[in-house]
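**Student:** This structure is in structure tokens; I'll ask about it shortly.
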Amino acid sequence: MAEEQAYQALTVETLAQRLGDVEAVASRVGGYPAKWRIREVGDGNLNLVFIVTGSIGSVVVKQALPYVRMVGESWPLPLYRAHYEYFALVRQAARAPGVAPEVYYFDKPQALIVMEYLHPHVILRRKLISGERVEKLGATLGEFCARTAFRGSELSMASPDKKADVGLFSGNVAIPAITESLVFTDPYYGAEMNRHTPELSPVVDELRRNARLKAKVQRLLMKFTSNTETMLHGDLHSGSIMATDTSVRVIDPEFSQYGPMAFDLGMAVANFFMAYFSQPAHRKEDELDAYQAWILAVITECFTRFDETFRHLWQTERTGILFPRSLFEDQGNSADDACDALLEEIREDALAYCGIEMHRRVLSLAHNADFEEIEDTGLRAELEARNVLMGQTLIMEPEAYCDLNALAELAKTFNQKAVL
């Protein structure tokens, strides 16, 4: 594709002609481009996504649109977000090998990425709604979050490299602005694009009157906007994770930026709690308890494996300017207490970010299918209310639930509580 060609959105009809002479694509798909089988499968909020299949294989082609797809051209969005997604995928592949899809080709002017086709993987959210289990789900995500958090920070990276990377990603302005509004601000007042289940209104009104809660959320927004500890995925929810029964992969890091180490972990766990609270609408009574117990076990494993992996990297890859061995091991001191304190801070912040994500997915824009597909709005509101109130508790006093048994018991308490 010519470098100078003006941006044009792909279609099923034009894709083969435009990408047929790109070696990185043609060599993996095979056959004559005119005979490629092309499906547009993008069901997300922002982009075009195609699966391209030929005689020898398949690839995924993802192209950014110059607007928010779920809203339309009235909400413009810069194409440069594909540039940052490409850089994020490359870094994730290096920092957490085998989890992110492999990138085969990137075209900056056309804002498109050609990458590995993950098959037979499906979106994790669909598996959770369907009541399916995934082996080592919590372990894989805990490891992914720990490896990307540690290796993207100055615990590991050379300081000049880290600062240069922060400078690079600082140009990704429009996408973080979405998070800053839709996640941290809009849920807590009557923003124009907000919506919620009508029967949930009493809970929403009370939440928005809670000034202490809103102040805590804004303090966490301050950390999110000013803290460049590590490179984030930035949107690690159950729609950004693909899985089979035995394999877990992470996709769609276009919201990537440098931010707090706790953010990705908190976002991921929030989506498991929302899956947990929505289950009474999706499971038969004789299946419900066992499946909800499995989801809580996934959450526990996610936190546990994060800590284990982070501690291992602390011992083996702490080569940056932070907590240098010259101050600890080289003087006969242990750095274990420092690691413990940092992990405690990360877990506390992760729980607070978790609570915020539990709110925005039912009060702001871009709701989760876990709740949205519940047709009985009275039941939906009841389950959403349990989710919202637990989220409030995690924001207000995360330090009380850093113990994973206490966290699980809190979820069980709200799961059994009639709120509305």
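We label chains A, B, ... in the order they appear in the structure tokens, count residues from 1 in each chain, and number ligands from 1 in the order shown.
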Determine which residues of segment 140-308 of chain A DSSP labels as helix (DSSP H, G or I) from the backbone of this structure, then write them out as a PDB file with C-alpha atoms, in the first residue's frame.
**Tutor:**
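Printed below is selection-v4.pdb as written:
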```
ATOM      1  CA  THR A 140      -2.721 -16.050  33.135  1.00  0.00           C
ATOM      2  CA  LEU A 141      -4.191 -12.592  33.687  1.00  0.00           C
ATOM      3  CA  GLY A 142      -2.387 -12.149  36.998  1.00  0.00           C
ATOM      4  CA  GLU A 143       0.908 -13.009  35.320  1.00  0.00           C
ATOM      5  CA  PHE A 144       0.149 -10.745  32.359  1.00  0.00           C
ATOM      6  CA  CYS A 145      -0.640  -7.779  34.605  1.00  0.00           C
ATOM      7  CA  ALA A 146       2.433  -8.362  36.778  1.00  0.00           C
ATOM      8  CA  ARG A 147       4.847  -8.815  33.875  1.00  0.00           C
ATOM      9  CA  THR A 148       3.634  -5.779  31.948  1.00  0.00           C
ATOM     10  CA  ALA A 149       3.501  -3.671  35.120  1.00  0.00           C
ATOM     11  CA  PHE A 150       6.986  -4.609  36.317  1.00  0.00           C
ATOM     12  CA  ARG A 151       8.785  -4.704  32.968  1.00  0.00           C
ATOM     13  CA  SER A 159      15.448   5.262  33.007  1.00  0.00           C
ATOM     14  CA  PRO A 160      16.208   6.960  29.643  1.00  0.00           C
ATOM     15  CA  ASP A 161      14.259   4.256  27.806  1.00  0.00           C
ATOM     16  CA  LYS A 162      11.302   4.530  30.174  1.00  0.00           C
ATOM     17  CA  LYS A 163      11.199   8.325  29.939  1.00  0.00           C
ATOM     18  CA  ALA A 164      11.393   8.174  26.149  1.00  0.00           C
ATOM     19  CA  ASP A 165       8.500   5.710  26.124  1.00  0.00           C
ATOM     20  CA  VAL A 166       6.427   7.951  28.384  1.00  0.00           C
ATOM     21  CA  GLY A 167       7.113  10.780  25.967  1.00  0.00           C
ATOM     22  CA  LEU A 168       6.049   8.644  23.029  1.00  0.00           C
ATOM     23  CA  PHE A 169       2.757   7.568  24.559  1.00  0.00           C
ATOM     24  CA  ALA A 174      -7.858  11.502  22.802  1.00  0.00           C
ATOM     25  CA  ILE A 175      -8.134   7.918  24.020  1.00  0.00           C
ATOM     26  CA  PRO A 176      -7.129   8.562  27.669  1.00  0.00           C
ATOM     27  CA  ALA A 177      -9.583  11.469  27.627  1.00  0.00           C
ATOM     28  CA  ILE A 178     -12.354   8.931  27.043  1.00  0.00           C
ATOM     29  CA  THR A 179     -11.285   6.997  30.133  1.00  0.00           C
ATOM     30  CA  GLU A 180     -10.980  10.165  32.196  1.00  0.00           C
ATOM     31  CA  SER A 181     -14.572  11.124  31.427  1.00  0.00           C
ATOM     32  CA  LEU A 182     -16.486   7.875  30.908  1.00  0.00           C
ATOM     33  CA  ASP A 186     -19.545  10.685  33.967  1.00  0.00           C
ATOM     34  CA  PRO A 187     -20.941   7.929  36.222  1.00  0.00           C
ATOM     35  CA  TYR A 188     -21.153  10.370  39.118  1.00  0.00           C
ATOM     36  CA  PRO A 198     -34.695   2.852  35.148  1.00  0.00           C
ATOM     37  CA  GLU A 199     -35.396   0.743  38.231  1.00  0.00           C
ATOM     38  CA  LEU A 200     -31.826   1.398  39.402  1.00  0.00           C
ATOM     39  CA  SER A 201     -32.477   5.140  39.822  1.00  0.00           C
ATOM     40  CA  PRO A 202     -32.818   5.212  43.653  1.00  0.00           C
ATOM     41  CA  VAL A 203     -29.364   3.638  44.013  1.00  0.00           C
ATOM     42  CA  VAL A 204     -27.875   5.932  41.370  1.00  0.00           C
ATOM     43  CA  ASP A 205     -29.325   9.066  42.955  1.00  0.00           C
ATOM     44  CA  GLU A 206     -27.928   8.142  46.366  1.00  0.00           C
ATOM     45  CA  LEU A 207     -24.527   7.329  44.885  1.00  0.00           C
ATOM     46  CA  ARG A 208     -24.309  10.703  43.160  1.00  0.00           C
ATOM     47  CA  ALA A 211     -19.534  13.728  48.075  1.00  0.00           C
ATOM     48  CA  ARG A 212     -16.911  11.685  49.935  1.00  0.00           C
ATOM     49  CA  LEU A 213     -17.154   8.949  47.340  1.00  0.00           C
ATOM     50  CA  LYS A 214     -16.793  11.392  44.462  1.00  0.00           C
ATOM     51  CA  ALA A 215     -13.782  12.989  46.141  1.00  0.00           C
ATOM     52  CA  LYS A 216     -12.094   9.586  46.450  1.00  0.00           C
ATOM     53  CA  VAL A 217     -12.795   8.838  42.800  1.00  0.00           C
ATOM     54  CA  GLN A 218     -11.270  12.152  41.780  1.00  0.00           C
ATOM     55  CA  ARG A 219      -8.166  11.412  43.844  1.00  0.00           C
ATOM     56  CA  LEU A 220      -7.828   8.156  41.913  1.00  0.00           C
ATOM     57  CA  LEU A 221      -8.270  10.112  38.693  1.00  0.00           C
ATOM     58  CA  MET A 222      -5.377  12.326  39.822  1.00  0.00           C
ATOM     59  CA  LYS A 223      -3.226   9.205  40.129  1.00  0.00           C
ATOM     60  CA  PHE A 224      -4.385   7.965  36.739  1.00  0.00           C
ATOM     61  CA  THR A 225      -3.587  11.221  34.952  1.00  0.00           C
ATOM     62  CA  SER A 226      -0.298  12.062  36.672  1.00  0.00           C
ATOM     63  CA  PHE A 263      -5.074   0.059  36.978  1.00  0.00           C
ATOM     64  CA  ASP A 264      -5.128  -2.951  34.629  1.00  0.00           C
ATOM     65  CA  LEU A 265      -5.431  -5.391  37.518  1.00  0.00           C
ATOM     66  CA  GLY A 266      -8.381  -3.488  38.957  1.00  0.00           C
ATOM     67  CA  MET A 267     -10.166  -3.244  35.614  1.00  0.00           C
ATOM     68  CA  ALA A 268      -9.845  -6.964  34.939  1.00  0.00           C
ATOM     69  CA  VAL A 269     -11.079  -7.981  38.388  1.00  0.00           C
ATOM     70  CA  ALA A 270     -14.053  -5.609  38.119  1.00  0.00           C
ATOM     71  CA  ASN A 271     -15.268  -7.464  35.060  1.00  0.00           C
ATOM     72  CA  PHE A 272     -15.118 -10.753  36.930  1.00  0.00           C
ATOM     73  CA  PHE A 273     -17.185  -9.264  39.749  1.00  0.00           C
ATOM     74  CA  MET A 274     -19.755  -8.042  37.224  1.00  0.00           C
ATOM     75  CA  ALA A 275     -19.874 -11.518  35.707  1.00  0.00           C
ATOM     76  CA  TYR A 276     -20.336 -12.861  39.237  1.00  0.00           C
ATOM     77  CA  PHE A 277     -23.226 -10.576  40.156  1.00  0.00           C
ATOM     78  CA  SER A 278     -25.024 -11.111  36.836  1.00  0.00           C
ATOM     79  CA  GLN A 279     -25.033 -14.906  37.114  1.00  0.00           C
ATOM     80  CA  PRO A 280     -28.463 -15.349  38.778  1.00  0.00           C
ATOM     81  CA  ALA A 281     -29.987 -14.184  35.489  1.00  0.00           C
ATOM     82  CA  GLU A 285     -30.341 -22.636  40.296  1.00  0.00           C
ATOM     83  CA  ASP A 286     -28.580 -25.994  40.453  1.00  0.00           C
ATOM     84  CA  GLU A 287     -25.578 -24.542  38.539  1.00  0.00           C
ATOM     85  CA  LEU A 288     -25.434 -21.083  40.098  1.00  0.00           C
ATOM     86  CA  ASP A 289     -23.509 -21.619  43.339  1.00  0.00           C
ATOM     87  CA  ALA A 290     -20.739 -23.675  41.749  1.00  0.00           C
ATOM     88  CA  TYR A 291     -20.202 -21.261  38.885  1.00  0.00           C
ATOM     89  CA  GLN A 292     -20.175 -18.183  41.117  1.00  0.00           C
ATOM     90  CA  ALA A 293     -17.680 -19.952  43.387  1.00  0.00           C
ATOM     91  CA  TRP A 294     -15.477 -20.572  40.342  1.00  0.00           C
ATOM     92  CA  ILE A 295     -15.552 -16.873  39.396  1.00  0.00           C
ATOM     93  CA  LEU A 296     -14.505 -15.901  42.932  1.00  0.00           C
ATOM     94  CA  ALA A 297     -11.676 -18.435  42.686  1.00  0.00           C
ATOM     95  CA  VAL A 298     -10.560 -16.791  39.424  1.00  0.00           C
ATOM     96  CA  ILE A 299     -10.421 -13.410  41.185  1.00  0.00           C
ATOM     97  CA  THR A 300      -8.402 -14.865  44.046  1.00  0.00           C
ATOM     98  CA  GLU A 301      -6.002 -16.562  41.634  1.00  0.00           C
ATOM     99  CA  CYS A 302      -5.601 -13.359  39.631  1.00  0.00           C
ATOM    100  CA  PHE A 303      -4.444 -11.410  42.687  1.00  0.00           C
ATOM    101  CA  THR A 304      -2.362 -14.300  44.027  1.00  0.00           C
ATOM    102  CA  ARG A 305      -0.519 -14.914  40.761  1.00  0.00           C
ATOM    103  CA  PHE A 306       0.057 -11.176  40.294  1.00  0.00           C
ATOM    104  CA  ASP A 307       1.827 -11.072  43.665  1.00  0.00           C
ATOM    105  CA  GLU A 308       3.845 -14.247  43.021  1.00  0.00           C
TER     106      GLU A 308
END
```
**Student:** List as a VMD selection string the protein and nucleic acid residues near His83 of chain A, meaning an atom at most 9 Å away when only C-alpha atoms are counted, but skip any in the same chain fewer than 6 places from it.
**Tutor:** chain A and resid 106 to 108 111 to 113 172 254
**Student:** I need the residues of segment 82-247 of chain A that end up classed as strand (DSSP E or B) by DSSP on the backbone, written out as a ChimeraX atom specification.
**Tutor:** /A:103-107,112-116,122-123,230-232,241-243
**Student:** Pick from A:Leu236, A:Asp252, A:Pro120, A:Leu65: nearest to Val103 of chain A, with only C-alpha atoms counted?
**Tutor:**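 When distances to Val103 of chain A are compared using only C-alpha atoms, the smallest one comes from A:Asp252.
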**Student:** Suppose you want the space between atom CA of Ala191 of chain A and atom CA of Arg360 of chain A; what is it in Å?
**Tutor:**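 Distance between the two atoms: 11.7 Å.
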**Student:** Go ahead and compute the interatomic distance for atom CA of Tyr7 of chain A and atom CA of Lys62 of chain A, in Å to one decimal.
**Tutor:** 13.9 Å
**Student:** Could you list, as a CSV table (one decimal) with N, CA and C atoms, in the first residue's frame, every residue within 9 Å of Thr11 of chain A, counting only C-alpha atoms and ignoring same-chain residues fewer than 2 positions away?
**Tutor:**
```csv
chain,number,residue,atom,x,y,z
A,9,ALA,N,-11.4,4.1,4.6
A,9,ALA,CA,-11.9,3.0,5.4
A,9,ALA,C,-12.0,1.7,4.5
A,13,GLU,N,-15.5,-5.4,0.2
A,13,GLU,CA,-15.3,-5.4,-1.2
A,13,GLU,C,-14.0,-4.9,-1.6
A,14,THR,N,-13.4,-4.0,-0.8
A,14,THR,CA,-12.1,-3.4,-1.2
A,14,THR,C,-10.9,-3.9,-0.6
A,15,LEU,N,-11.0,-4.7,0.5
A,15,LEU,CA,-9.9,-5.2,1.3
A,15,LEU,C,-8.9,-6.0,0.5
A,40,GLU,N,-16.4,-9.2,7.9
A,40,GLU,CA,-16.3,-8.0,8.8
A,40,GLU,C,-17.0,-8.5,10.1
A,48,LEU,N,-13.1,-1.0,12.7
A,48,LEU,CA,-13.4,-2.0,11.8
A,48,LEU,C,-12.5,-3.2,12.0
A,50,PHE,N,-11.8,-7.2,10.4
A,50,PHE,CA,-12.0,-8.2,9.4
A,50,PHE,C,-11.2,-9.5,9.7
```
**Student:** Select, from A:Lys127, A:Leu327, A:Ala158, A:Thr197, the residue with the minimum atom-to-atom distance to Ile241 of chain A, counting only C-alpha atoms.
**Tutor:** A:Lys127
**Student:** Val114 of chain A: which residues within 12 Å, counting only C-alpha atoms, same-chain residues fewer than 2 positions away excluded, as a PyMOL selection string?
**Tutor:** chain A and resi 15+19+22-26+28-29+48-52+58-64+82+85-86+89+101-108+110-112+116-117
**Student:** Compare A:Leu379, A:Met261, A:Ala243, A:Cys354 by their minimum atom-to-atom distance to His121 of chain A, counting only C-alpha atoms, and give me the closest one.
**Tutor:**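 The answer is A:Ala243, which sits nearest to His121 of chain A.
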**Student:** Which neighbours of segment 36-39 of chain A fall inside 8 Å, counting only C-alpha atoms, when residues of the same chain fewer than 2 positions from it are skipped, and could you give them as a ChimeraX atom specification?
**Tutor:** /A:12,16,29,31-34,41,50-55
**Student:** In Å, with one decimal, what is the gap from atom CA of His237 of chain A to atom CA of Arg249 of chain A?
**Tutor:**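 Between atom CA of His237 of chain A and atom CA of Arg249 of chain A the gap is 12.0 Å.
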